[in-house]
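Okay, my_file-v2.txt now, which holds compact mmCIF, C-alpha atoms:
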# COMPACT_ATOMS: atom_id res chain seq x y z
CA MET A 1 -13.99 -31.05 -2.36
CA ALA A 2 -15.06 -28.47 0.18
CA SER A 3 -18.23 -26.50 -0.55
CA VAL A 4 -18.48 -22.74 -0.16
CA LYS A 5 -21.72 -20.85 0.13
CA LEU A 6 -22.51 -17.21 0.85
CA LEU A 7 -25.48 -16.73 3.16
CA LEU A 8 -26.94 -14.80 6.08
CA ASN A 9 -26.17 -16.26 9.49
CA LYS A 10 -29.71 -16.24 10.81
CA SER A 11 -28.67 -17.78 14.09
CA ARG A 12 -27.15 -14.41 15.04
CA ALA A 13 -29.88 -11.84 14.53
CA LEU A 14 -28.79 -8.29 15.33
CA ARG A 15 -30.87 -5.72 17.19
CA ASP A 16 -31.88 -3.86 14.06
CA GLY A 17 -33.17 -7.02 12.39
CA SER A 18 -30.17 -7.57 10.12
CA PHE A 19 -27.93 -10.63 9.98
CA PRO A 20 -24.17 -11.12 9.45
CA LEU A 21 -23.24 -12.11 5.91
CA VAL A 22 -20.90 -15.12 6.02
CA PHE A 23 -19.13 -17.64 3.83
CA GLN A 24 -20.14 -21.11 4.98
CA LEU A 25 -17.42 -23.73 4.49
CA ILE A 26 -18.37 -27.44 4.65
CA HIS A 27 -15.87 -30.26 4.27
CA GLN A 28 -15.99 -33.81 5.58
CA ARG A 29 -19.24 -32.99 7.42
CA ARG A 30 -17.55 -30.18 9.32
CA LYS A 31 -18.68 -26.57 9.05
CA LYS A 32 -16.89 -23.25 9.58
CA LEU A 33 -18.01 -19.67 8.99
CA ILE A 34 -15.99 -16.78 7.63
CA TYR A 35 -17.59 -13.47 8.54
CA THR A 36 -17.63 -10.71 5.94
CA PRO A 37 -17.71 -7.01 6.94
CA TYR A 38 -21.39 -6.78 5.98
CA LYS A 39 -24.65 -7.07 7.89
CA LEU A 40 -27.79 -7.18 5.76
CA TYR A 41 -31.54 -7.43 5.97
CA PRO A 42 -33.04 -10.55 4.34
CA GLU A 43 -34.53 -8.53 1.47
CA GLU A 44 -31.04 -7.13 0.68
CA PHE A 45 -29.57 -10.58 -0.12
CA ASP A 46 -30.47 -12.96 -2.93
CA LEU A 47 -29.73 -16.48 -1.68
CA GLN A 48 -30.15 -18.02 -5.11
CA THR A 49 -27.53 -15.83 -6.82
CA GLN A 50 -25.60 -15.29 -3.57
CA LYS A 51 -25.40 -11.57 -4.24
CA VAL A 52 -26.30 -8.39 -2.41
CA ARG A 53 -29.26 -6.66 -3.99
CA ARG A 54 -31.01 -3.33 -3.64
CA SER A 55 -34.66 -3.82 -2.70
CA ASP A 56 -37.46 -1.27 -2.36
CA GLY A 57 -36.75 0.97 0.61
CA SER A 58 -33.16 -0.28 0.90
CA LYS A 59 -30.67 2.16 2.39
CA LEU A 60 -27.95 0.77 0.13
CA SER A 61 -27.09 2.79 -2.96
CA ILE A 62 -26.52 1.17 -6.34
CA ARG A 63 -22.82 2.02 -6.06
CA GLU A 64 -22.59 0.40 -2.61
CA VAL A 65 -24.30 -2.78 -3.82
CA ARG A 66 -21.93 -3.01 -6.77
CA SER A 67 -18.90 -2.41 -4.54
CA MET A 68 -20.03 -5.02 -2.00
CA ASN A 69 -20.61 -7.66 -4.67
CA CYS A 70 -17.18 -6.98 -6.18
CA TYR A 71 -15.57 -7.40 -2.77
CA LEU A 72 -17.49 -10.62 -2.07
CA MET A 73 -16.59 -12.01 -5.48
CA ARG A 74 -12.91 -11.39 -4.77
CA GLN A 75 -13.22 -13.05 -1.36
CA ARG A 76 -14.95 -16.06 -2.90
CA ARG A 77 -12.26 -16.33 -5.54
CA ASP A 78 -9.56 -16.24 -2.86
CA ILE A 79 -11.28 -18.93 -0.78
CA ASP A 80 -11.62 -21.17 -3.83
CA ARG A 81 -7.93 -20.69 -4.55
CA TYR A 82 -6.99 -21.65 -0.98
CA ILE A 83 -9.03 -24.84 -1.34
CA ARG A 84 -7.31 -25.74 -4.63
CA GLU A 85 -3.90 -25.12 -3.06
CA LEU A 86 -4.74 -27.37 -0.09
CA GLU A 87 -6.03 -30.14 -2.34
CA SER A 88 -2.83 -30.11 -4.34
CA CYS A 89 -0.42 -30.12 -1.38
CA LYS A 90 -2.48 -31.63 1.47
CA PRO A 91 -5.15 -34.04 0.23
CA ALA A 92 -6.31 -34.85 3.78
CA TYR A 93 -7.01 -31.23 4.66
CA SER A 94 -9.81 -30.23 7.03
CA VAL A 95 -12.22 -27.32 7.02
CA SER A 96 -10.07 -25.76 9.75
CA ASP A 97 -7.11 -25.81 7.35
CA ILE A 98 -9.12 -23.68 4.92
CA LEU A 99 -9.94 -21.20 7.68
CA ILE A 100 -6.30 -21.02 8.82
CA ARG A 101 -5.12 -20.49 5.25
CA TYR A 102 -7.66 -17.69 4.85
CA ARG A 103 -6.63 -15.96 8.07
CA ILE A 104 -2.93 -16.16 7.20
CA ALA A 105 -3.58 -14.55 3.84
CA GLN A 106 -5.82 -11.88 5.32
CA SER A 107 -3.36 -10.98 8.06
CA ASP A 108 -0.56 -10.60 5.54
CA SER A 109 0.64 -7.12 4.63
CA GLY A 110 -1.25 -7.17 1.33
CA LEU A 111 -2.04 -3.83 -0.29
CA LEU A 112 -5.74 -4.48 -0.84
CA HIS A 113 -6.17 -5.92 2.65
CA TYR A 114 -4.49 -2.91 4.19
CA MET A 115 -6.73 -0.62 2.15
CA ASP A 116 -9.74 -2.52 3.54
CA LEU A 117 -8.44 -1.85 7.05
CA GLN A 118 -8.09 1.86 6.32
CA ILE A 119 -11.55 2.03 4.75
CA GLY A 120 -13.00 0.45 7.89
CA ARG A 121 -11.00 2.80 10.09
CA LYS A 122 -12.26 5.89 8.26
CA GLN A 123 -15.82 4.64 8.57
CA LEU A 124 -15.40 4.15 12.31
CA LEU A 125 -14.12 7.73 12.55
CA GLY A 126 -17.18 8.96 10.68
CA LYS A 127 -15.09 10.06 7.68
CA PHE A 128 -17.35 8.42 5.15
CA GLY A 129 -16.28 10.68 2.28
CA THR A 130 -12.65 9.59 2.68
CA ALA A 131 -13.75 5.97 3.07
CA ALA A 132 -15.69 6.22 -0.20
CA ALA A 133 -12.65 7.76 -1.93
CA TYR A 134 -10.43 4.92 -0.67
CA GLN A 135 -13.03 2.35 -1.75
CA SER A 136 -13.13 3.78 -5.26
CA THR A 137 -9.33 3.71 -5.44
CA ARG A 138 -9.24 0.15 -4.11
CA HIS A 139 -11.63 -0.97 -6.83
CA SER A 140 -9.42 0.62 -9.48
CA ILE A 141 -6.27 -1.02 -8.09
CA ALA A 142 -8.01 -4.40 -7.87
CA LEU A 143 -8.81 -4.14 -11.59
CA PHE A 144 -5.14 -3.42 -12.25
CA THR A 145 -3.66 -6.19 -10.07
CA GLY A 146 -6.22 -8.82 -11.03
CA PRO A 147 -5.83 -12.11 -9.11
CA HIS A 148 -2.34 -11.25 -7.85
CA ASN A 149 -1.88 -10.55 -4.15
CA ILE A 150 0.33 -7.44 -4.11
CA SER A 151 2.15 -6.74 -0.86
CA LEU A 152 2.74 -3.26 0.53
CA ARG A 153 6.45 -3.69 -0.13
CA GLU A 154 5.71 -4.17 -3.83
CA LEU A 155 4.16 -0.71 -3.92
CA ASP A 156 7.23 0.86 -5.54
CA HIS A 157 7.81 3.38 -8.33
CA ILE A 158 7.54 0.63 -10.99
CA PHE A 159 4.11 -0.34 -9.65
CA ILE A 160 3.03 3.31 -9.71
CA ARG A 161 4.33 3.80 -13.25
CA ASP A 162 2.56 0.67 -14.52
CA TYR A 163 -0.64 1.57 -12.68
CA ALA A 164 -0.63 5.07 -14.20
CA ASP A 165 -0.07 3.55 -17.67
CA PHE A 166 -2.94 1.15 -17.04
CA LEU A 167 -5.25 4.05 -16.19
CA TRP A 168 -4.16 6.05 -19.25
CA ARG A 169 -4.84 3.06 -21.53
CA ARG A 170 -8.35 2.75 -20.08
CA GLY A 171 -9.03 6.39 -20.94
CA VAL A 172 -9.20 7.58 -17.33
CA GLY A 173 -9.05 11.36 -17.07
CA ASN A 174 -6.04 13.22 -15.72
CA ASN A 175 -7.84 14.54 -12.65
CA THR A 176 -9.20 11.09 -11.81
CA ILE A 177 -5.69 9.64 -12.03
CA CYS A 178 -4.51 12.35 -9.64
CA PHE A 179 -7.41 11.47 -7.34
CA TYR A 180 -6.40 7.79 -7.25
CA MET A 181 -2.72 8.59 -6.76
CA ARG A 182 -3.45 11.04 -3.95
CA ASN A 183 -5.46 8.40 -2.10
CA LEU A 184 -2.85 5.73 -2.73
CA LYS A 185 -0.10 8.01 -1.45
CA ALA A 186 -2.09 8.61 1.74
CA ILE A 187 -2.44 4.82 2.16
CA TYR A 188 1.31 4.33 1.61
CA ASN A 189 2.22 7.06 4.12
CA GLN A 190 -0.14 5.61 6.73
CA ALA A 191 1.31 2.12 6.23
CA ALA A 192 4.80 3.52 6.83
CA ILE A 193 3.58 5.26 10.00
CA ASP A 194 1.92 2.03 11.16
CA GLY A 195 5.24 0.22 10.87
CA TYR A 196 4.51 -2.00 7.87
CA SER A 197 7.33 -3.06 5.60
CA VAL A 198 7.11 -0.67 2.65
CA ALA A 199 9.45 0.52 -0.08
CA LYS A 200 12.29 2.54 1.46
CA GLU A 201 11.96 5.35 -1.07
CA SER A 202 8.65 6.99 -1.85
CA PRO A 203 7.18 5.26 -4.93
CA PHE A 204 5.64 8.57 -5.97
CA ARG A 205 8.93 10.46 -6.34
CA TYR A 206 8.99 9.97 -10.13
CA LEU A 207 5.29 10.63 -10.63
CA HIS A 208 4.69 13.80 -12.63
CA ILE A 209 0.94 14.01 -13.09
CA GLY A 210 -0.66 17.29 -12.11
CA PRO A 211 -4.38 17.99 -11.96
CA CYS A 212 -5.93 19.95 -14.80
CA LYS A 213 -7.53 23.19 -13.71
CA THR A 214 -11.28 22.99 -14.12
CA THR A 215 -13.31 25.90 -15.42
CA LYS A 216 -14.75 27.92 -12.53
CA ARG A 217 -18.51 28.04 -12.99
CA ALA A 218 -19.24 31.31 -11.21
CA LEU A 219 -22.46 33.22 -11.92
CA ASP A 220 -22.59 36.96 -12.50
CA ARG A 221 -24.92 39.21 -10.52
CA LYS A 222 -27.60 39.24 -13.22
CA ALA A 223 -27.82 35.45 -13.22
CA LEU A 224 -27.84 35.34 -9.43
CA ARG A 225 -30.63 37.92 -9.34
CA ARG A 226 -32.72 35.88 -11.81
CA ILE A 227 -32.39 32.83 -9.58
CA TYR A 228 -33.26 34.91 -6.52
CA GLN A 229 -36.39 36.40 -8.16
CA LEU A 230 -37.54 33.21 -9.89
CA ASN A 231 -41.19 32.36 -9.13
CA LEU A 232 -41.30 28.69 -8.13
CA THR A 233 -44.77 28.63 -6.61
CA GLY A 234 -46.20 25.13 -6.76
CA LYS A 235 -42.76 23.56 -7.23
CA PRO A 236 -41.55 22.98 -3.66
CA HIS A 237 -38.72 20.62 -4.69
CA LEU A 238 -37.24 23.26 -7.01
CA GLU A 239 -37.86 26.02 -4.49
CA LEU A 240 -35.96 24.13 -1.79
CA ALA A 241 -33.04 23.48 -4.15
CA ARG A 242 -32.95 27.18 -5.12
CA ASP A 243 -33.11 28.32 -1.51
CA LEU A 244 -30.33 25.95 -0.43
CA PHE A 245 -28.22 27.32 -3.29
CA LEU A 246 -28.89 30.90 -2.16
CA PHE A 247 -28.23 30.01 1.47
CA GLY A 248 -24.83 28.65 0.43
CA PHE A 249 -24.13 31.88 -1.43
CA PHE A 250 -25.26 34.13 1.43
CA THR A 251 -23.10 32.18 3.90
CA ARG A 252 -19.85 32.87 2.03
CA GLY A 253 -20.00 29.65 0.02
CA MET A 254 -20.86 27.28 2.86
CA PRO A 255 -20.45 23.65 1.65
CA PHE A 256 -23.65 21.66 1.21
CA VAL A 257 -22.77 19.11 3.91
CA ASP A 258 -22.37 21.96 6.41
CA ILE A 259 -25.66 23.57 5.35
CA LEU A 260 -27.61 20.37 5.91
CA SER A 261 -25.83 19.73 9.21
CA LEU A 262 -26.61 23.18 10.62
CA LYS A 263 -28.71 22.97 13.76
CA LYS A 264 -30.71 25.60 15.57
CA LYS A 265 -28.14 25.57 18.33
CA ASN A 266 -25.64 26.93 15.78
CA LEU A 267 -27.55 30.24 15.83
CA ARG A 268 -26.05 32.42 18.57
CA ASN A 269 -26.39 36.14 19.18
CA GLY A 270 -27.05 37.05 15.57
CA LEU A 271 -24.39 34.67 14.27
CA ILE A 272 -24.15 31.28 12.64
CA VAL A 273 -21.35 29.51 14.53
CA TYR A 274 -20.24 26.16 13.15
CA ASN A 275 -17.25 23.91 12.45
CA ARG A 276 -16.54 22.85 8.90
CA ARG A 277 -16.98 19.11 8.49
CA LYS A 278 -14.00 18.76 6.19
CA THR A 279 -11.39 20.68 8.18
CA ASP A 280 -13.00 21.29 11.61
CA GLN A 281 -12.26 24.99 11.10
CA ARG A 282 -14.52 27.11 13.33
CA LEU A 283 -16.36 29.83 11.41
CA GLN A 284 -18.80 32.61 12.26
CA ILE A 285 -21.22 34.30 9.87
CA SER A 286 -23.41 37.26 10.72
CA LEU A 287 -27.10 36.75 10.05
CA THR A 288 -27.93 39.03 7.14
CA PRO A 289 -31.56 39.85 6.30
CA GLN A 290 -31.40 37.29 3.49
CA LEU A 291 -30.27 34.56 5.85
CA ARG A 292 -32.88 35.44 8.48
CA TYR A 293 -35.58 35.20 5.82
CA LEU A 294 -34.50 31.75 4.63
CA ILE A 295 -34.13 30.41 8.17
CA ALA A 296 -37.62 31.65 9.09
CA LYS A 297 -39.05 30.27 5.84
CA TYR A 298 -37.96 26.74 6.72
CA GLU A 299 -38.82 26.83 10.43
CA ASN A 300 -39.56 23.24 11.45
CA ASP A 301 -39.88 20.94 14.44
CA THR A 302 -36.53 19.16 13.94
CA GLU A 303 -33.17 20.18 15.39
CA PHE A 304 -31.94 21.16 11.93
CA ILE A 305 -32.34 24.54 10.26
CA PHE A 306 -33.36 22.83 7.01
CA PRO A 307 -35.61 19.75 7.36
CA VAL A 308 -33.65 17.58 4.93
CA LEU A 309 -31.76 15.15 7.15
CA SER A 310 -33.83 12.94 9.43
CA GLY A 311 -31.06 12.03 11.87
CA GLY A 312 -29.63 8.61 12.69
CA ASN A 313 -26.15 7.20 13.09
CA PRO A 314 -23.24 8.90 11.28
CA LYS A 315 -23.21 6.39 8.43
CA GLU A 316 -26.92 6.80 7.81
CA MET A 317 -26.55 10.60 7.99
CA TYR A 318 -23.85 10.44 5.34
CA ARG A 319 -26.13 8.38 3.09
CA GLN A 320 -28.92 10.91 3.56
CA TYR A 321 -26.51 13.73 2.67
CA ARG A 322 -25.31 11.99 -0.50
CA ARG A 323 -28.87 11.31 -1.65
CA ALA A 324 -29.87 14.92 -0.89
CA LEU A 325 -26.87 16.29 -2.79
CA GLU A 326 -27.73 14.27 -5.88
CA ARG A 327 -31.37 15.30 -5.66
CA VAL A 328 -30.68 19.01 -5.11
CA ASN A 329 -28.08 19.20 -7.87
CA ARG A 330 -30.52 17.51 -10.24
CA ASN A 331 -33.24 20.02 -9.33
CA LEU A 332 -30.83 22.93 -9.73
CA LYS A 333 -30.39 21.97 -13.38
CA GLU A 334 -34.13 22.61 -13.83
CA VAL A 335 -33.87 25.87 -11.87
CA ALA A 336 -31.13 27.00 -14.25
CA ARG A 337 -33.30 26.16 -17.25
CA LEU A 338 -36.25 28.13 -15.88
CA ALA A 339 -33.97 31.09 -15.10
CA GLU A 340 -32.48 30.87 -18.61
CA ILE A 341 -28.96 30.26 -17.30
CA ASP A 342 -26.58 28.23 -19.45
CA THR A 343 -24.11 27.45 -16.64
CA PRO A 344 -24.55 23.89 -15.27
CA LEU A 345 -25.90 24.74 -11.83
CA SER A 346 -24.87 22.85 -8.69
CA MET A 347 -24.38 23.62 -5.02
CA TYR A 348 -20.67 24.04 -5.64
CA VAL A 349 -21.38 26.91 -8.05
CA SER A 350 -22.60 28.98 -5.10
CA ARG A 351 -19.12 28.77 -3.52
CA HIS A 352 -17.36 29.96 -6.67
CA SER A 353 -20.01 32.61 -7.28
CA TRP A 354 -19.52 34.14 -3.84
CA ALA A 355 -15.73 34.18 -4.25
CA SER A 356 -16.01 35.69 -7.72
CA GLN A 357 -18.40 38.42 -6.62
CA ALA A 358 -16.34 39.28 -3.56
CA LYS A 359 -13.22 39.48 -5.68
CA ALA A 360 -14.98 41.76 -8.17
CA LEU A 361 -15.86 44.09 -5.29
CA GLY A 362 -12.16 44.42 -4.44
CA ALA A 363 -12.22 42.35 -1.23
CA PRO A 364 -8.85 40.97 -0.06
CA ILE A 365 -8.16 37.51 -1.45
CA ALA A 366 -7.60 36.00 1.99
CA VAL A 367 -10.87 37.42 3.34
CA ILE A 368 -13.01 35.87 0.59
CA SER A 369 -11.60 32.40 1.13
CA GLU A 370 -9.48 32.15 -1.94
CA SER A 371 -9.12 28.47 -1.08
CA LEU A 372 -12.08 27.95 -3.41
CA GLY A 373 -9.49 28.20 -6.15
CA HIS A 374 -6.43 26.99 -4.23
CA THR A 375 -5.15 23.45 -4.18
CA SER A 376 -4.58 23.80 -0.43
CA GLU A 377 -7.48 24.99 1.68
CA LYS A 378 -5.38 25.10 4.87
CA THR A 379 -3.39 28.06 3.56
CA THR A 380 -6.52 30.15 3.20
CA GLN A 381 -7.77 29.15 6.61
CA ILE A 382 -4.53 30.46 8.11
CA TYR A 383 -5.11 33.79 6.37
CA LEU A 384 -8.72 33.94 7.52
CA LYS A 385 -7.65 33.69 11.14
CA GLU A 386 -5.71 36.93 10.79
CA PHE A 387 -8.74 39.03 9.80
CA ASP A 388 -11.21 40.57 12.15
CA GLN A 389 -14.72 39.09 12.05
CA SER A 390 -16.24 42.45 11.19
CA VAL A 391 -14.19 42.65 7.96
CA VAL A 392 -15.53 39.29 6.81
CA ASP A 393 -19.08 40.27 7.78
CA ARG A 394 -18.90 43.58 5.87
CA VAL A 395 -17.75 41.77 2.75
CA ASN A 396 -20.54 39.22 3.11
CA ALA A 397 -23.15 41.97 3.53
CA LEU A 398 -21.97 43.65 0.30
CA VAL A 399 -21.94 40.40 -1.67
CA SER A 400 -25.36 39.29 -0.38
CA ALA A 401 -27.10 42.50 -1.45
CA LEU A 402 -28.65 41.15 -4.62

Just give me the structure of the file as structure tokens.
Amino acid sequence: MASVKLLLNKSRALRDGSFPLVFQLIHQRRKKLIYTPYKLYPEEFDLQTQKVRRSDGSKLSIREVRSMNCYLMRQRRDIDRYIRELESCKPAYSVSDILIRYRIAQSDSGLLHYMDLQIGRKQLLGKFGTAAAYQSTRHSIALFTGPHNISLRELDHIFIRDYADFLWRRGVGNNTICFYMRNLKAIYNQAAIDGYSVAKESPFRYLHIGPCKTTKRALDRKALRRIYQLNLTGKPHLELARDLFLFGFFTRGMPFVDILSLKKKNLRNGLIVYNRRKTDQRLQISLTPQLRYLIAKYENDTEFIFPVLSGGNPKEMYRQYRRALERVNRNLKEVARLAEIDTPLSMYVSRHSWASQAKALGAPIAVISESLGHTSEKTTQIYLKEFDQSVVDRVNALVSAL
């Protein structure tokens, strides 16, 4: 019987010192390699257990390691199945037959394979958040389908109904189910655009699951003022988290990823000029005294306004952002405790707080970016385009005056 082993192909060292992770097939003294999508450093792979691991200083997160091992386990299971099938129908098979069988299966219009293609495509486009969302959905669907290879054409309303029932039975929350279904619908639509054979009618037409509205965690002015006046001397990690929170508030609820990505070149003629990462919408914010103070406070030698990201390729930058978000949100919980605030504090609270305060001051809904509470952000962006910059700046000046 053919042997299968997962290992690093050390005959093909890459420039950064990593090696391709491959399945090595040996049968009748012949060897073939099946390349996986992963390239690892030696310390990130355990040869004995044939699993990816997270070593000291590794750039891989625990979630990424778990996801990679799940993917590799599925691939190994598939390869073993191909070998069993060949042994039963073609006893004199060769190692090349295994490779051909693998390639035929992988090139098929399977749902999970197509999702892998879309995950890779999003990563190449630098849309790592979407890629992570697709990866999470893929993992959920793989749990549902088990060892069965579901084709794109089998993605019909019965599949969707059974998948939703499966999620409900597992106790998955309503909003999480909506999250999975939204991603799956995007995959289905893209497959149709790409010309794959899919169900003629949308499999989501009978789906009636709406997201539950979450409680808006906006702070009142007293709570905001306590955070602003909180003495954090000697606690630089908490002070940075607090200041990033305030910066988000003073910049009309700027998302955390945009705050960290701001560069000194984004400061022009008394304005912050930037494009939102999520929508590519171009926005301008006047530099209020509060913003000027925070920018000066964190003056540094890097190209960034806040010295949190250290640069690198887009994928590495995304990893740095995710780690920073987790760290800052964790520190904000301590800031809230010190400021005697019961609301669970996070960077997202600054967005809702700005919208809430602007609304309380009687500002027009469109001007204050009501998309913070809308299901569609594009609608609000259309409204924002119709307002003069000075109107938005006047509102921001009023709201920022803590």

Q: Name the closest residue to Leu219 (chain A) among the candidates A:Arg170, A:His352, A:Lys10, A:Lys263; distances are taken between atoms, counting only C-alpha atoms.
A: A:His352

Let me know the centre plus edge lengths, in Å and rounded to one decimal, of a box with edges along x, y and z that contains all listed atoms of region 218-225 of chain A and is padded by 8 Å on every side, as lines of an AutoDock Vina configuration file.
center_x = -24.9
center_y = 35.3
center_z = -11.3
size_x = 27.4
size_y = 23.9
size_z = 19.9

Q: Write out as an NGL selection string the residues lying within 12 Å of region 50-54 of chain A, counting all atoms listed in the file and excluding same-chain residues fewer than 5 positions away.
A: :A and (4-8 or 21-24 or 38-45 or 59-73 or 76)

Compile the contact shell of Leu283 (chain A) as a PDB file with C-alpha atoms, keeping the file's coordinate frame: residues with an atom at most 9 Å away, counting all atoms listed in the file, same-chain residues fewer than 4 positions apart removed.
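The result, stored in out.pdb:
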ATOM      1  CA  ILE A 272     -24.150  31.280  12.640  1.00  0.00           C
ATOM      2  CA  VAL A 273     -21.350  29.510  14.530  1.00  0.00           C
ATOM      3  CA  TYR A 274     -20.240  26.160  13.150  1.00  0.00           C
ATOM      4  CA  ASN A 275     -17.250  23.910  12.450  1.00  0.00           C
ATOM      5  CA  ARG A 276     -16.540  22.850   8.900  1.00  0.00           C
TER       6      ARG A 276
END

**Q.** Selected residue, from A:Lys90, A:Asn9, A:Arg153, A:Leu287, that lies nearest to Leu47 (chain A) when counting only C-alpha atoms
**A.** A:Asn9

Q. Near Thr145 (chain A), within 10 Å and counting all atoms listed in the file, which residues show up once chain neighbours fewer than 3 positions away are dropped, as a ChimeraX atom specification?
A. /A:112,140-142,148-150,159,163

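You can rank A:Leu398, A:Leu345, A:Met317, A:Trp354 by their closest distance to Arg330 (chain A) using only C-alpha atoms, and at the top of that list sits A:Leu345.
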
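Of the residues listed (A:Thr36, A:Gln190, A:Asn175, A:Ser151), A:Thr36 shows the shortest atom-to-atom separation from Phe19 (chain A); distances use all atoms listed in the file.
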
Neighbours of Asp97 (chain A) within 9 Å (only C-alpha atoms; same-chain residues fewer than 5 positions away dropped), as a PDB file with C-alpha atoms, keeping the file's coordinate frame?
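Dumped everything to part-v4.pdb:
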ATOM      1  CA  ILE A  83      -9.030 -24.840  -1.340  1.00  0.00           C
ATOM      2  CA  LEU A  86      -4.740 -27.370  -0.090  1.00  0.00           C
ATOM      3  CA  TYR A 102      -7.660 -17.690   4.850  1.00  0.00           C
TER       4      TYR A 102
END

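CA of Glu316 (chain A) is found 21.7 Å from CA of Asn266 (chain A).
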
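From CA of Ser11 (chain A) back to CA of Ile100 (chain A), the distance works out to 23.2 Å.
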
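Between CA of Glu303 (chain A) and CA of Arg282 (chain A) there is a distance of 20.0 Å.
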
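Nearest to Glu239 (chain A) of all the residues A:Glu334, A:Thr288, A:Thr176, A:Lys265 is A:Glu334, counting only C-alpha atoms.
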
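Using only C-alpha atoms, the set of residues no farther than 10 Å from the position (-18.5, -30.7, 2.4) comprises Met1, Ala2, Ser3, Val4, Leu25, Ile26, His27, Gln28, Arg29, Arg30, Lys31, Ser94 and Val95 of chain A.
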